[in-house]
file my_file-v3.cif (mmCIF, C-alpha atoms)
data_input
#
loop_
_atom_site.label_atom_id
_atom_site.label_comp_id
_atom_site.auth_asym_id
_atom_site.auth_seq_id
_atom_site.Cartn_x
_atom_site.Cartn_y
_atom_site.Cartn_z
CA MET S 1 -40.92 121.88 -61.97
CA ASN S 2 -41.23 118.11 -61.50
CA VAL S 3 -44.57 116.98 -60.02
CA GLN S 4 -44.22 113.31 -60.99
CA GLY S 5 -45.86 111.21 -58.29
CA LYS S 6 -47.03 114.22 -56.26
CA ARG S 7 -50.28 113.57 -54.40
CA VAL S 8 -52.57 116.55 -54.81
CA ILE S 9 -56.11 117.59 -53.89
CA VAL S 10 -57.78 120.15 -56.18
CA THR S 11 -61.04 121.75 -55.07
CA GLY S 12 -63.40 123.26 -57.63
CA SER S 13 -62.22 120.75 -60.21
CA ALA S 14 -65.36 120.39 -62.32
CA SER S 15 -64.84 123.46 -64.51
CA GLY S 16 -62.70 126.47 -65.27
CA ILE S 17 -59.29 126.80 -63.62
CA GLY S 18 -59.95 123.74 -61.44
CA ALA S 19 -60.54 121.48 -64.43
CA SER S 20 -57.47 122.94 -66.11
CA ALA S 21 -55.35 122.30 -63.01
CA LEU S 22 -56.62 118.72 -62.73
CA LYS S 23 -55.71 118.03 -66.35
CA ALA S 24 -52.29 119.69 -66.17
CA LEU S 25 -51.27 117.92 -62.96
CA ALA S 26 -52.29 114.49 -64.26
CA ALA S 27 -50.54 115.18 -67.57
CA ALA S 28 -47.37 115.98 -65.62
CA GLY S 29 -47.54 112.70 -63.73
CA ALA S 30 -49.21 113.72 -60.47
CA ARG S 31 -51.85 111.71 -58.67
CA VAL S 32 -54.85 113.96 -58.11
CA VAL S 33 -58.23 113.91 -56.41
CA GLY S 34 -60.57 116.60 -57.68
CA MET S 35 -63.48 117.83 -55.57
CA ASP S 36 -66.61 119.77 -56.46
CA LEU S 37 -70.40 119.75 -56.16
CA ALA S 38 -71.03 119.32 -59.90
CA ASP S 39 -70.77 115.55 -59.84
CA GLU S 40 -71.34 114.77 -63.49
CA ALA S 41 -68.82 117.32 -64.72
CA GLY S 42 -66.40 116.43 -61.92
CA ARG S 43 -66.38 112.75 -62.83
CA ARG S 44 -66.09 113.56 -66.52
CA MET S 45 -63.09 115.85 -65.98
CA ALA S 46 -61.34 113.30 -63.77
CA LYS S 47 -61.88 110.53 -66.30
CA ALA S 48 -60.54 112.66 -69.15
CA ALA S 49 -57.50 113.70 -67.08
CA SER S 50 -56.73 110.08 -66.18
CA GLN S 51 -57.04 108.92 -69.76
CA ALA S 52 -54.62 111.60 -70.89
CA GLY S 53 -52.14 110.44 -68.19
CA PRO S 54 -49.45 109.57 -67.33
CA GLY S 55 -50.69 110.52 -63.87
CA GLU S 56 -54.14 109.74 -62.54
CA ALA S 57 -57.18 111.70 -61.44
CA HIS S 58 -60.19 110.81 -59.31
CA TYR S 59 -63.29 112.67 -58.21
CA LEU S 60 -65.00 113.03 -54.83
CA ARG S 61 -67.98 115.22 -54.00
CA CYS S 62 -67.25 117.85 -51.36
CA ASP S 63 -68.95 121.00 -50.11
CA VAL S 64 -65.99 123.04 -48.86
CA SER S 65 -68.24 125.17 -46.65
CA GLN S 66 -69.11 122.15 -44.47
CA ARG S 67 -66.30 121.41 -42.02
CA GLN S 68 -67.16 117.82 -41.11
CA GLU S 69 -67.71 116.92 -44.76
CA VAL S 70 -64.35 118.43 -45.73
CA GLU S 71 -62.53 116.45 -43.04
CA GLU S 72 -64.21 113.21 -44.07
CA VAL S 73 -63.69 113.68 -47.81
CA PHE S 74 -60.08 114.80 -47.39
CA GLY S 75 -59.47 111.69 -45.29
CA ALA S 76 -60.92 109.52 -48.06
CA ALA S 77 -58.81 111.32 -50.68
CA VAL S 78 -55.61 110.88 -48.68
CA ARG S 79 -56.31 107.18 -48.23
CA GLN S 80 -56.90 106.86 -51.98
CA LEU S 81 -53.69 108.75 -52.80
CA GLY S 82 -51.59 107.13 -50.09
CA GLY S 83 -50.72 110.52 -48.59
CA LEU S 84 -50.83 114.20 -49.46
CA ASP S 85 -48.21 116.59 -50.83
CA ALA S 86 -50.24 119.60 -51.94
CA LEU S 87 -53.63 121.29 -51.87
CA VAL S 88 -54.79 123.55 -54.70
CA ASN S 89 -57.85 125.26 -53.26
CA ILE S 90 -59.80 126.75 -56.17
CA ALA S 91 -63.46 126.29 -55.17
CA GLY S 92 -65.27 129.61 -55.05
CA VAL S 93 -68.43 131.49 -55.95
CA GLU S 94 -69.22 135.00 -57.16
CA ARG S 95 -72.36 137.14 -57.25
CA LYS S 96 -72.83 140.67 -58.55
CA SER S 97 -74.75 143.34 -56.65
CA PRO S 98 -74.37 147.02 -55.71
CA ALA S 99 -72.93 147.35 -52.21
CA GLU S 100 -76.12 148.87 -50.85
CA SER S 101 -78.24 145.99 -52.17
CA ILE S 102 -76.21 142.95 -51.08
CA SER S 103 -78.48 140.46 -49.36
CA GLN S 104 -77.57 138.62 -46.20
CA GLU S 105 -77.91 135.39 -48.15
CA ASP S 106 -75.38 136.40 -50.80
CA TRP S 107 -72.98 137.81 -48.20
CA ASP S 108 -73.14 134.55 -46.26
CA LEU S 109 -72.66 132.51 -49.44
CA MET S 110 -69.48 134.42 -50.35
CA PHE S 111 -67.98 133.90 -46.91
CA ASP S 112 -69.23 130.33 -46.49
CA VAL S 113 -67.56 129.13 -49.70
CA ASN S 114 -64.69 131.53 -50.35
CA ALA S 115 -63.52 132.31 -46.81
CA ARG S 116 -64.79 129.45 -44.62
CA GLY S 117 -64.02 127.03 -47.44
CA THR S 118 -60.42 128.19 -47.32
CA LEU S 119 -60.30 127.71 -43.56
CA ASN S 120 -61.84 124.24 -43.77
CA THR S 121 -59.72 122.91 -46.61
CA ASN S 122 -56.46 124.39 -45.34
CA GLN S 123 -56.95 123.03 -41.84
CA ALA S 124 -57.89 119.61 -43.21
CA ALA S 125 -54.80 119.61 -45.42
CA PHE S 126 -52.59 120.76 -42.54
CA GLY S 127 -53.42 117.62 -40.58
CA HIS S 128 -51.98 115.51 -43.40
CA LEU S 129 -49.03 117.78 -44.28
CA ARG S 130 -47.78 118.53 -40.79
CA GLU S 131 -45.35 115.62 -40.56
CA ARG S 132 -43.79 115.87 -44.02
CA GLY S 133 -44.44 119.42 -45.21
CA GLY S 134 -46.01 120.36 -48.53
CA GLN S 135 -47.71 123.11 -50.47
CA ILE S 136 -51.04 124.90 -50.07
CA ILE S 137 -52.17 127.20 -52.88
CA ASN S 138 -55.27 129.30 -52.21
CA PHE S 139 -57.18 131.25 -54.81
CA ALA S 140 -57.59 134.93 -54.11
CA SER S 141 -58.52 137.65 -56.60
CA ALA S 142 -57.60 141.13 -57.71
CA ALA S 143 -61.00 142.00 -56.22
CA GLY S 144 -59.61 141.24 -52.77
CA VAL S 145 -56.73 143.67 -53.33
CA MET S 146 -58.23 146.45 -55.42
CA GLY S 147 -61.97 146.16 -54.86
CA VAL S 148 -64.36 145.81 -57.78
CA PRO S 149 -67.62 147.80 -58.07
CA GLY S 150 -70.61 145.49 -57.88
CA LEU S 151 -68.59 142.80 -56.10
CA ALA S 152 -68.11 144.19 -52.59
CA HIS S 153 -69.06 140.92 -50.88
CA TYR S 154 -66.90 138.84 -53.21
CA SER S 155 -64.02 141.31 -52.76
CA ALA S 156 -64.34 141.13 -48.98
CA SER S 157 -64.33 137.34 -48.97
CA LYS S 158 -61.21 137.22 -51.15
CA ALA S 159 -59.48 139.80 -48.94
CA ALA S 160 -60.12 137.36 -46.09
CA VAL S 161 -58.41 134.63 -48.11
CA LEU S 162 -55.35 136.86 -48.51
CA GLY S 163 -55.15 137.66 -44.79
CA TRP S 164 -55.52 134.01 -43.89
CA THR S 165 -52.86 132.92 -46.40
CA ARG S 166 -50.23 135.36 -45.13
CA THR S 167 -50.80 134.40 -41.50
CA ALA S 168 -50.96 130.64 -42.09
CA ALA S 169 -47.68 130.91 -44.01
CA LYS S 170 -46.02 132.47 -40.97
CA GLU S 171 -47.44 129.90 -38.57
CA TRP S 172 -46.95 126.76 -40.66
CA GLY S 173 -43.51 127.45 -42.11
CA LYS S 174 -41.95 125.61 -39.17
CA TYR S 175 -43.63 122.46 -40.44
CA GLY S 176 -42.18 122.86 -43.93
CA ILE S 177 -45.58 123.89 -45.30
CA THR S 178 -45.71 126.74 -47.79
CA VAL S 179 -48.96 128.68 -48.11
CA ASN S 180 -49.35 130.97 -51.10
CA ALA S 181 -52.19 132.64 -52.96
CA VAL S 182 -52.70 133.31 -56.63
CA ALA S 183 -54.79 136.13 -58.02
CA PRO S 184 -55.81 135.00 -61.49
CA ALA S 185 -57.51 136.92 -64.25
CA MET S 186 -58.72 134.02 -66.40
CA TRP S 187 -61.55 133.57 -68.88
CA THR S 188 -63.65 130.90 -67.17
CA PRO S 189 -67.28 129.70 -67.15
CA MET S 190 -67.81 131.91 -64.08
CA TYR S 191 -66.64 134.90 -66.10
CA GLU S 192 -68.89 133.86 -69.00
CA LYS S 193 -71.87 133.92 -66.64
CA PHE S 194 -70.84 137.37 -65.44
CA ARG S 195 -70.74 138.59 -69.05
CA GLU S 196 -74.16 137.08 -69.76
CA ARG S 197 -75.67 139.27 -67.04
CA LEU S 198 -74.55 142.45 -68.83
CA ASP S 199 -76.57 144.17 -71.54
CA GLN S 200 -74.77 145.19 -74.73
CA ALA S 201 -73.90 148.67 -73.54
CA GLN S 202 -72.51 147.30 -70.27
CA LEU S 203 -70.59 144.61 -72.12
CA ASN S 204 -69.04 147.14 -74.48
CA ALA S 205 -68.05 149.33 -71.55
CA HIS S 206 -66.64 146.34 -69.68
CA ASP S 207 -64.53 145.17 -72.64
CA ALA S 208 -63.23 148.70 -73.17
CA MET S 209 -62.28 148.89 -69.50
CA MET S 210 -60.49 145.54 -69.63
CA GLY S 211 -58.62 146.70 -72.70
CA GLN S 212 -57.26 149.59 -70.66
CA LEU S 213 -56.59 147.61 -67.46
CA ILE S 214 -54.73 144.57 -68.82
CA PRO S 215 -51.51 145.51 -70.65
CA LEU S 216 -50.99 142.02 -72.09
CA GLY S 217 -53.73 141.54 -74.66
CA GLY S 218 -56.48 143.60 -73.04
CA GLN S 219 -58.51 140.60 -71.91
CA LEU S 220 -58.48 137.72 -69.45
CA GLY S 221 -56.04 134.86 -69.87
CA ASP S 222 -56.48 131.21 -70.81
CA PRO S 223 -56.43 128.77 -67.85
CA ASP S 224 -54.54 126.04 -69.73
CA HIS S 225 -51.92 128.29 -71.28
CA ASP S 226 -51.52 130.99 -68.63
CA MET S 227 -52.54 129.56 -65.23
CA ALA S 228 -51.75 125.83 -65.25
CA PRO S 229 -47.96 126.24 -65.65
CA VAL S 230 -47.85 128.54 -62.61
CA LEU S 231 -49.73 125.96 -60.53
CA LEU S 232 -47.34 123.21 -61.63
CA PHE S 233 -44.47 125.39 -60.43
CA LEU S 234 -46.11 126.12 -57.07
CA VAL S 235 -46.88 122.45 -56.46
CA SER S 236 -43.34 121.42 -57.37
CA ASP S 237 -40.32 121.49 -55.08
CA ALA S 238 -38.94 124.34 -57.19
CA ALA S 239 -41.20 126.69 -55.18
CA HIS S 240 -40.05 125.41 -51.77
CA PHE S 241 -38.66 128.81 -50.70
CA ILE S 242 -41.74 130.85 -51.61
CA THR S 243 -44.45 131.35 -48.99
CA GLY S 244 -46.98 133.94 -47.88
CA GLN S 245 -47.03 135.50 -51.33
CA THR S 246 -49.80 136.55 -53.71
CA LEU S 247 -48.85 135.78 -57.29
CA ALA S 248 -50.87 137.83 -59.74
CA VAL S 249 -51.37 135.84 -62.95
CA ASP S 250 -53.37 138.51 -64.67
CA GLY S 251 -51.61 140.09 -67.65
CA GLY S 252 -50.61 143.10 -65.55
CA LEU S 253 -54.02 143.94 -64.08
CA MET S 254 -52.61 144.49 -60.58
CA ILE S 255 -49.42 146.37 -61.43
CA PRO S 256 -49.01 148.83 -58.51
#

call {"tool": "encode", "arguments": {"input": "my_file-v3.cif", "output": "structure tokens"}}
result
Amino acid sequence: MNVQGKRVIVTGSASGIGASALKALAAAGARVVGMDLADEAGRRMAKAASQAGPGEAHYLRCDVSQRQEVEEVFGAAVRQLGGLDALVNIAGVERKSPAESISQEDWDLMFDVNARGTLNTNQAAFGHLRERGGQIINFASAAGVMGVPGLAHYSASKAAVLGWTRTAAKEWGKYGITVNAVAPAMWTPMYEKFRERLDQAQLNAHDAMMGQLIPLGGQLGDPDHDMAPVLLFLVSDAAHFITGQTLAVDGGLMIP
């Protein structure tokens, strides 16, 4: 479980699980570069993580959907860190819409950020991990496995992340690179925004449904308490013989 001195890039670091991961990694002694588009929050989170130490955290702006930008920013991050040991790819977006009403714009947004962003960041990381090996952790979702009404485009984009992760794991294992996915069910600002779009009747129905679906507590987990320790494990050498897997950190939501 030791990540002392590990050099890690975390995308989507300005809030939610990304901010939690940044903080946890720095607290465990890793050297981290967080990336996001929310510059003010991203810099604030990196500063707070560094001050908490004993590791360090920095922030760089990066739009994961833009290939050239990803390559350039990853290059700058690796120079700042003096190398790269792991990528924690959390950046993602979500929109709600009935399947028959999904716009081309929202469909493209889901795939630009969630799917193409995974391609871009993983390929950029591969170039720096190829010689020494390392870990790539992508963020999938129960939506990509089970499907979620109102989130067909999001579900499809996360299913793409799962397919990519399994295949990249098979291809890159020969380089000593592990590629895994996590499917979290965490209470994040993104989830708060989802709840805000529901009227009271919808919210009551949603909470009742979650109570039935999640055996452990009946609601989403806490990123600091429930997700961060799993990420520390996956970044550490303790997880060196795990690849191509989807780890559901969800209180039992995806029990087959």

call {"tool": "residues_around", "arguments": {"input": "my_file-v3.cif", "residues": "Tyr175 in chain S", "least_positions_apart": "3", "cutoff": "10 Å", "atoms": "all atoms listed in the file", "output": "JSON list (two decimals) with C-alpha atoms, in the coordinates of the input"}}
result
[["chain", "number", "residue", "atom", "x", "y", "z"],
["S", 126, "PHE", "CA", -52.59, 120.76, -42.54],
["S", 129, "LEU", "CA", -49.03, 117.78, -44.28],
["S", 130, "ARG", "CA", -47.78, 118.53, -40.79],
["S", 131, "GLU", "CA", -45.35, 115.62, -40.56],
["S", 132, "ARG", "CA", -43.79, 115.87, -44.02],
["S", 133, "GLY", "CA", -44.44, 119.42, -45.21],
["S", 134, "GLY", "CA", -46.01, 120.36, -48.53],
["S", 171, "GLU", "CA", -47.44, 129.90, -38.57],
["S", 172, "TRP", "CA", -46.95, 126.76, -40.66],
["S", 178, "THR", "CA", -45.71, 126.74, -47.79]]

call {"tool": "resolve_selection", "arguments": {"input": "my_file-v3.cif", "expression": "the PyMOL selection byres ((chain S and resi 138-155) around 6)", "output": "list in words"}}
result
Asn89, Ile90, Glu94, Lys96, Ser97, Pro98, Ala99, Trp107, Met110, Ile137, Ala156, Ser157, Lys158, Ala159, Ala181, Val182 and Ala183 of chain S

call {"tool": "resolve_selection", "arguments": {"input": "my_file-v3.cif", "expression": "the PyMOL selection byres ((chain S and resi 38) around 10)", "output": "PyMOL selection string"}}
result
chain S and resi 12-15+35-37+39-43+61-62

call {"tool": "residues_around", "arguments": {"input": "my_file-v3.cif", "residues": "Ala228 in chain S", "least_positions_apart": "3", "cutoff": "8 Å", "atoms": "only C-alpha atoms", "output": "PDB file with C-alpha atoms, in the frame of the given file"}}
result
ATOM      1  CA  ILE S  17     -59.290 126.800 -63.620  1.00  0.00           C
ATOM      2  CA  SER S  20     -57.470 122.940 -66.110  1.00  0.00           C
ATOM      3  CA  ALA S  21     -55.350 122.300 -63.010  1.00  0.00           C
ATOM      4  CA  ALA S  24     -52.290 119.690 -66.170  1.00  0.00           C
ATOM      5  CA  PRO S 223     -56.430 128.770 -67.850  1.00  0.00           C
ATOM      6  CA  ASP S 224     -54.540 126.040 -69.730  1.00  0.00           C
ATOM      7  CA  HIS S 225     -51.920 128.290 -71.280  1.00  0.00           C
ATOM      8  CA  LEU S 231     -49.730 125.960 -60.530  1.00  0.00           C
ATOM      9  CA  LEU S 232     -47.340 123.210 -61.630  1.00  0.00           C
TER      10      LEU S 232
END

call {"tool": "resolve_selection", "arguments": {"input": "my_file-v3.cif", "expression": "the PyMOL selection byres ((chain S and resi 200-216) around 7)", "output": "compact mmCIF listing (two decimals) with C-alpha atoms, in the frame of the given file"}}
result
# COMPACT_ATOMS: atom_id res chain seq x y z
CA ARG S 195 -70.74 138.59 -69.05
CA LEU S 198 -74.55 142.45 -68.83
CA ASP S 199 -76.57 144.17 -71.54
CA GLY S 217 -53.73 141.54 -74.66
CA GLY S 218 -56.48 143.60 -73.04
CA GLN S 219 -58.51 140.60 -71.91
CA GLY S 251 -51.61 140.09 -67.65
CA GLY S 252 -50.61 143.10 -65.55
CA LEU S 253 -54.02 143.94 -64.08

call {"tool": "atom_distance", "arguments": {"input": "my_file-v3.cif", "atom1": "CA of Phe233 in chain S", "atom2": "CA of Asn2 in chain S"}}
result
8.0 Å

call {"tool": "atom_distance", "arguments": {"input": "my_file-v3.cif", "atom1": "CA of Gly127 in chain S", "atom2": "CA of Gly75 in chain S"}}
result
9.7 Å

call {"tool": "residues_around", "arguments": {"input": "my_file-v3.cif", "residues": "Val88 in chain S", "least_positions_apart": "4", "cutoff": "8 Å", "atoms": "only C-alpha atoms", "output": "CSV table (one decimal) with C-alpha atoms, keeping the file's coordinate frame"}}
result
chain,number,residue,atom,x,y,z
S,8,VAL,CA,-52.6,116.6,-54.8
S,9,ILE,CA,-56.1,117.6,-53.9
S,10,VAL,CA,-57.8,120.2,-56.2
S,11,THR,CA,-61.0,121.8,-55.1
S,136,ILE,CA,-51.0,124.9,-50.1
S,137,ILE,CA,-52.2,127.2,-52.9
S,138,ASN,CA,-55.3,129.3,-52.2

call {"tool": "atom_distance", "arguments": {"input": "my_file-v3.cif", "atom1": "CA of Gly55 in chain S", "atom2": "CA of Thr165 in chain S"}}
result
28.5 Å
